[in-house]
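Undergrad: Below are the structure tokens for one structure; questions will follow.
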Amino acid sequence: MEVRPFGASGLDVPVIGLGTWAVFDLAPRREGRARSVVQTALGAGVRLVDTSPMYGRAEAVLARALDGVRDRALVATKIWTPSIEEGRRQLERQLALFAGRIELEQVHNLVAWREHLDWLEGERDSGRVGLIGATHWDAGAFDELERVMRSGRIQAVQVPYNPREREAERRILPLAQDLGIGVIAMRPFAEGGLLPGPGDEVLRALGVRSWAEALLKWTLSDPRVHVAIPASSSPAHALENARAGEPPWLDDEGRRLVERHVR
Ligand SMILES: NC(=O)c1ccc[n+]([C@@H]2O[C@H](COP(=O)([O-])OP(=O)(O)OC[C@H]3O[C@@H](n4cnc5c(N)ncnc54)[C@H](OP(=O)(O)O)[C@@H]3O)[C@@H](O)[C@H]2O)c1
């Protein structure tokens, strides 16, 4: 799988990661599925896994799924609360779950970002947190996200980027490139809403095996994007997604063909 340097962070990250929203919020008797997804994804070269305290049981389910393979993953999780005290408690719980370190700690949906960055920078200096990032799912918050990026205090952003949600192209991707900030594309399938897609004739024209691959390649064909994080509850889908992380990427004509088939 292709590896891209993650902004100016010095980290090399394979271009496909793994999201956990909804699909890892599992009752204990169903956790085996999450473990199969994680094992399959890591086996296929995925390294970055993304979660949040907002995702119900997903954070803890992911941690258990990483049991024995924690060292092979870069854990990206989030602080999601207006309270500094609760934010610190979230970090302590995460450190207990993920063997004492979080490679990327993101401020989820920019909630109380100034307050959280103050103490998170201390955590980064002490080495318990690797990089600091910020996320938002709504383009209406991109003014604020830009302010956070320009503050010079974060090394990564996470925004939606797929053929239907392209607002990041106008300001976030160029700014991230200028500032050397790593970009994680969330929702590459628009929460599954872009699947299934057109049939074999289009796939052949694009040189891909599946519409999921076409969509991931659409996102990753923009070189300002470092990693896409499709979520899946299916080992077969996780494998298919991981395999989409190989060049060749789509040229302008291929990207336009994908866009024409997105309703
Ligand atoms: N920070 C934020 O505000 C925020 C917001 C949204 C998302 N995120 C992050 O971004 C991640 C991804 O976004 P998302 O979960 O919203 O949606 P997504 O990745 O765009 O779509 C997930 C859906 O696609 C399906 N899928 C995955 N691979 C497939 C394949 N190869 N073929 C067919 N179907 C496939 C999954 O179903 P199966 O289970 O059947 O595979 C699932 O229903 C999240 O999990 C989360 O980590 C962050």
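Identifiers in the structure tokens: chain A, B, ... in order shown; residue index from 1 per chain; ligand index from 1 in order shown.
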Got a sec: who's within 6 Å of Asn109 in chain A, counting only C-alpha atoms, leaving out chain neighbours fewer than 2 positions off, as a list in words?

TA: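 Answer for this query is Val111, Thr135 and His136 of chain A.
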
Undergrad: Take the residues from that selection and put them in a file with C-alpha atoms, as a PDB file, in the first residue's frame.

TA:
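What ended up in out_33.pdb:
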```pdb
ATOM      1  CA  VAL A 111     -15.491  21.496  21.005  1.00  0.00           C
ATOM      2  CA  THR A 135     -11.812  17.475  13.274  1.00  0.00           C
ATOM      3  CA  HIS A 136     -15.123  18.711  11.976  1.00  0.00           C
TER       4      HIS A 136
END
```

Undergrad: Taking only C-alpha atoms and all ligand atoms into account, report as a PyMOL selection string which residues have an atom no farther than 6 Å from an atom of ligand 1.

TA: chain A and resi 19-21+23+50-51+108-109+135-137+186-192+212+229-234+237+240-241

Undergrad: Which of these, A:Phe98, A:Met54, A:Arg150, A:Gly43, has the shortest distance to Asp67 in chain A once you count only C-alpha atoms?

TA: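 Nearest to Asp67 in chain A: A:Phe98.
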
Undergrad: List the spatial neighbours of Pro247 in chain A as an NGL selection string - criterion: any atom at most 9 Å away, only C-alpha atoms, same-chain residues fewer than 2 positions off excluded.

TA: :A and (1-2 or 217 or 221 or 244-245 or 249-250)

Undergrad: For the residues in that selection, give me N, CA and C atoms as an mmCIF file, in the first residue's frame.

TA:
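Produced file part12.cif, reproduced below:
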```cif
data_model
loop_
_atom_site.group_PDB
_atom_site.id
_atom_site.type_symbol
_atom_site.label_atom_id
_atom_site.label_comp_id
_atom_site.auth_asym_id
_atom_site.auth_seq_id
_atom_site.Cartn_x
_atom_site.Cartn_y
_atom_site.Cartn_z
ATOM 1 N N MET A 1 0.845 -1.198 0.000
ATOM 2 C CA MET A 1 0.000 0.000 0.000
ATOM 3 C C MET A 1 0.877 1.244 0.000
ATOM 4 N N GLU A 2 0.461 2.264 -0.755
ATOM 5 C CA GLU A 2 1.290 3.479 -0.800
ATOM 6 C C GLU A 2 1.336 4.146 0.573
ATOM 7 N N LYS A 217 -10.111 5.809 -4.419
ATOM 8 C CA LYS A 217 -9.095 6.358 -5.325
ATOM 9 C C LYS A 217 -9.418 7.795 -5.703
ATOM 10 N N SER A 221 -6.629 10.459 -4.889
ATOM 11 C CA SER A 221 -5.962 11.008 -6.064
ATOM 12 C C SER A 221 -5.611 12.470 -5.849
ATOM 13 N N ALA A 244 -7.413 -0.798 -2.155
ATOM 14 C CA ALA A 244 -7.577 0.424 -2.961
ATOM 15 C C ALA A 244 -6.442 1.409 -2.726
ATOM 16 N N GLY A 245 -5.573 1.100 -1.771
ATOM 17 C CA GLY A 245 -4.496 2.044 -1.428
ATOM 18 C C GLY A 245 -3.269 1.938 -2.304
ATOM 19 N N TRP A 249 -3.361 6.141 -9.291
ATOM 20 C CA TRP A 249 -4.474 6.971 -8.878
ATOM 21 C C TRP A 249 -5.244 7.420 -10.121
ATOM 22 N N LEU A 250 -6.357 8.069 -9.899
ATOM 23 C CA LEU A 250 -7.176 8.508 -11.037
ATOM 24 C C LEU A 250 -6.636 9.825 -11.586
#
```

Undergrad: Within 9 Å of Asp138 in chain A, counting only C-alpha atoms, which residues qualify if same-chain residues fewer than 3 places away don't, as a PyMOL selection string?

TA: chain A and resi 109+141-142+159-160

Undergrad: Could you dump the residues just selected with C-alpha atoms as a short mmCIF file (atom, residue, chain, number, x, y, z; two decimals), in the first residue's frame?

TA:
```cif
data_model
loop_
_atom_site.label_atom_id
_atom_site.label_comp_id
_atom_site.auth_asym_id
_atom_site.auth_seq_id
_atom_site.Cartn_x
_atom_site.Cartn_y
_atom_site.Cartn_z
CA ASN A 109 -15.84 18.82 16.27
CA ALA A 141 -17.39 25.04 10.78
CA PHE A 142 -14.50 25.43 8.32
CA VAL A 159 -12.61 16.57 7.33
CA PRO A 160 -15.14 14.90 5.03
#
```

Undergrad: Using only C-alpha atoms, which of the listed residues (A:Ala34, A:Gly87, A:Lys78, A:Arg147) sits closest to Leu66 in chain A?

TA: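 Closest to Leu66 in chain A, using only C-alpha atoms: A:Ala34.
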
Undergrad: In range 197-259 of chain A, what's alpha helix (DSSP H) per DSSP? Answer as a PyMOL selection string?

TA: chain A and resi 200-206+211-220+235-243+252-259

Undergrad: Which neighbours of range 6-10 of chain A fall inside 10 Å, counting only C-alpha atoms, when residues of the same chain fewer than 4 positions from it are skipped, and could you give them as a list in words?

TA: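 In the requested format, the answer is Pro14, Val15, Gly130, Leu131, Gln155, Ala156, Ala176, Gln177, Asp178, Leu179, Gly180, Ile181, Gly182, Val183, Ile184, Arg224, Val225, His226 and Val227 of chain A.
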
Undergrad: Take the residues that were just selected and, keeping N, CA and C atoms, output them as a tab-separated table (two decimals), in the first residue's frame.

TA:
```tsv
chain	number	residue	atom	x	y	z
A	14	PRO	N	0.41	4.70	5.73
A	14	PRO	CA	-0.26	4.15	4.55
A	14	PRO	C	-1.55	4.92	4.27
A	15	VAL	N	-1.91	5.03	3.01
A	15	VAL	CA	-3.00	5.93	2.62
A	15	VAL	C	-4.39	5.47	3.05
A	130	GLY	N	1.20	11.91	20.76
A	130	GLY	CA	2.16	12.16	19.68
A	130	GLY	C	1.84	13.48	18.99
A	131	LEU	N	0.87	13.45	18.07
A	131	LEU	CA	0.46	14.65	17.35
A	131	LEU	C	-0.89	15.13	17.89
A	155	GLN	N	-1.17	19.55	14.13
A	155	GLN	CA	-0.39	18.92	13.06
A	155	GLN	C	-1.27	18.12	12.09
A	156	ALA	N	-2.58	18.02	12.40
A	156	ALA	CA	-3.46	17.22	11.54
A	156	ALA	C	-4.88	17.77	11.57
A	176	ALA	N	-3.86	23.37	4.41
A	176	ALA	CA	-3.11	22.27	5.03
A	176	ALA	C	-1.79	22.06	4.29
A	177	GLN	N	-1.87	22.15	2.97
A	177	GLN	CA	-0.64	21.97	2.19
A	177	GLN	C	0.37	23.08	2.50
A	178	ASP	N	-0.12	24.34	2.53
A	178	ASP	CA	0.77	25.46	2.83
A	178	ASP	C	1.42	25.32	4.20
A	179	LEU	N	0.64	24.84	5.17
A	179	LEU	CA	1.13	24.81	6.56
A	179	LEU	C	1.79	23.47	6.92
A	180	GLY	N	1.79	22.52	5.99
A	180	GLY	CA	2.40	21.21	6.30
A	180	GLY	C	1.59	20.41	7.30
A	181	ILE	N	0.26	20.56	7.24
A	181	ILE	CA	-0.63	19.84	8.17
A	181	ILE	C	-1.14	18.56	7.50
A	182	GLY	N	-1.13	17.47	8.24
A	182	GLY	CA	-1.62	16.20	7.72
A	182	GLY	C	-3.13	16.22	7.55
A	183	VAL	N	-3.62	15.56	6.50
A	183	VAL	CA	-5.06	15.56	6.22
A	183	VAL	C	-5.61	14.12	6.24
A	184	ILE	N	-6.61	13.93	7.10
A	184	ILE	CA	-7.34	12.66	7.13
A	184	ILE	C	-8.72	12.90	6.52
A	224	ARG	N	-2.98	16.11	-1.70
A	224	ARG	CA	-2.98	16.85	-0.43
A	224	ARG	C	-3.64	16.04	0.68
A	225	VAL	N	-4.27	14.93	0.30
A	225	VAL	CA	-4.89	14.05	1.29
A	225	VAL	C	-3.87	12.96	1.65
A	226	HIS	N	-3.68	12.75	2.95
A	226	HIS	CA	-2.67	11.76	3.36
A	226	HIS	C	-3.26	10.39	3.64
A	227	VAL	N	-4.47	10.37	4.20
A	227	VAL	CA	-5.06	9.07	4.53
A	227	VAL	C	-6.58	9.18	4.52
```

Undergrad: Can you work out which one of A:Val37, A:Gly56, A:Ala65, A:Arg164 has the shortest atom-to-atom distance to Leu239 in chain A, counting only C-alpha atoms?

TA: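 Among the listed residues, A:Val37 lies closest to Leu239 in chain A.
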
Undergrad: Would you please extract all strand (DSSP E) residues from range 61-251 of chain A, as assigned by DSSP on the backbone, and give them as a ChimeraX atom specification?

TA: /A:74-79,102-107,129-135,156-160,182-186,227-228

Undergrad: Save the residues we just selected, C-alpha atoms, as an mmCIF file, in the first residue's frame?

TA:
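Contents of part_15.cif, as written:
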```
data_model
loop_
_atom_site.group_PDB
_atom_site.id
_atom_site.type_symbol
_atom_site.label_atom_id
_atom_site.label_comp_id
_atom_site.auth_asym_id
_atom_site.auth_seq_id
_atom_site.Cartn_x
_atom_site.Cartn_y
_atom_site.Cartn_z
ATOM 1 C CA LEU A 74 -1.217 4.375 14.964
ATOM 2 C CA VAL A 75 -4.152 5.228 17.210
ATOM 3 C CA ALA A 76 -6.053 8.404 16.325
ATOM 4 C CA THR A 77 -8.731 9.231 18.854
ATOM 5 C CA LYS A 78 -10.429 12.372 20.106
ATOM 6 C CA ILE A 79 -11.322 14.563 23.047
ATOM 7 C CA ILE A 102 -2.037 8.033 21.694
ATOM 8 C CA GLU A 103 -0.315 8.759 18.391
ATOM 9 C CA LEU A 104 -2.857 11.397 17.296
ATOM 10 C CA GLU A 105 -5.209 13.152 19.714
ATOM 11 C CA GLN A 106 -7.842 15.235 17.935
ATOM 12 C CA VAL A 107 -10.254 17.821 19.282
ATOM 13 C CA VAL A 129 0.337 12.165 23.033
ATOM 14 C CA GLY A 130 2.159 12.162 19.681
ATOM 15 C CA LEU A 131 0.458 14.654 17.350
ATOM 16 C CA ILE A 132 -2.474 16.983 18.000
ATOM 17 C CA GLY A 133 -5.293 17.412 15.487
ATOM 18 C CA ALA A 134 -8.757 18.859 15.042
ATOM 19 C CA THR A 135 -11.812 17.475 13.274
ATOM 20 C CA ALA A 156 -3.461 17.218 11.536
ATOM 21 C CA VAL A 157 -7.014 17.926 10.407
ATOM 22 C CA GLN A 158 -9.830 15.491 9.716
ATOM 23 C CA VAL A 159 -12.611 16.570 7.334
ATOM 24 C CA PRO A 160 -15.143 14.896 5.028
ATOM 25 C CA GLY A 182 -1.619 16.198 7.715
ATOM 26 C CA VAL A 183 -5.065 15.557 6.220
ATOM 27 C CA ILE A 184 -7.342 12.660 7.131
ATOM 28 C CA ALA A 185 -10.390 12.227 4.873
ATOM 29 C CA MET A 186 -13.373 11.018 6.876
ATOM 30 C CA VAL A 227 -5.057 9.068 4.532
ATOM 31 C CA ALA A 228 -8.703 8.054 4.029
#
```

Undergrad: Might you pull out every residue within 7 Å of range 59-63 of chain A, with only C-alpha atoms counted and same-chain residues fewer than 5 positions away left off, and present them as an MDAnalysis selection string?

TA: chainID A and resid 24 31 51:53 97:98

Undergrad: Please write the residues from the selection above to a file, keeping N, CA and C atoms, as a compact mmCIF listing (two decimals), in the first residue's frame.

TA:
```txt
# COMPACT_ATOMS: atom_id res chain seq x y z
N PHE A 24 -18.19 -0.17 15.11
CA PHE A 24 -17.49 -0.81 16.24
C PHE A 24 -18.23 -0.60 17.57
N GLU A 31 -18.13 -8.65 19.51
CA GLU A 31 -16.83 -8.01 19.37
C GLU A 31 -15.85 -8.76 18.48
N THR A 51 -10.94 6.63 16.14
CA THR A 51 -12.10 6.40 16.99
C THR A 51 -12.37 7.65 17.82
N SER A 52 -13.28 7.55 18.78
CA SER A 52 -13.63 8.72 19.60
C SER A 52 -14.47 8.27 20.79
N PRO A 53 -14.40 9.02 21.89
CA PRO A 53 -15.32 8.75 22.99
C PRO A 53 -16.77 8.98 22.58
N LEU A 97 -6.50 2.23 27.81
CA LEU A 97 -6.96 1.31 26.76
C LEU A 97 -5.86 0.99 25.75
N PHE A 98 -5.06 2.01 25.40
CA PHE A 98 -4.15 1.87 24.26
C PHE A 98 -2.68 1.84 24.67
```
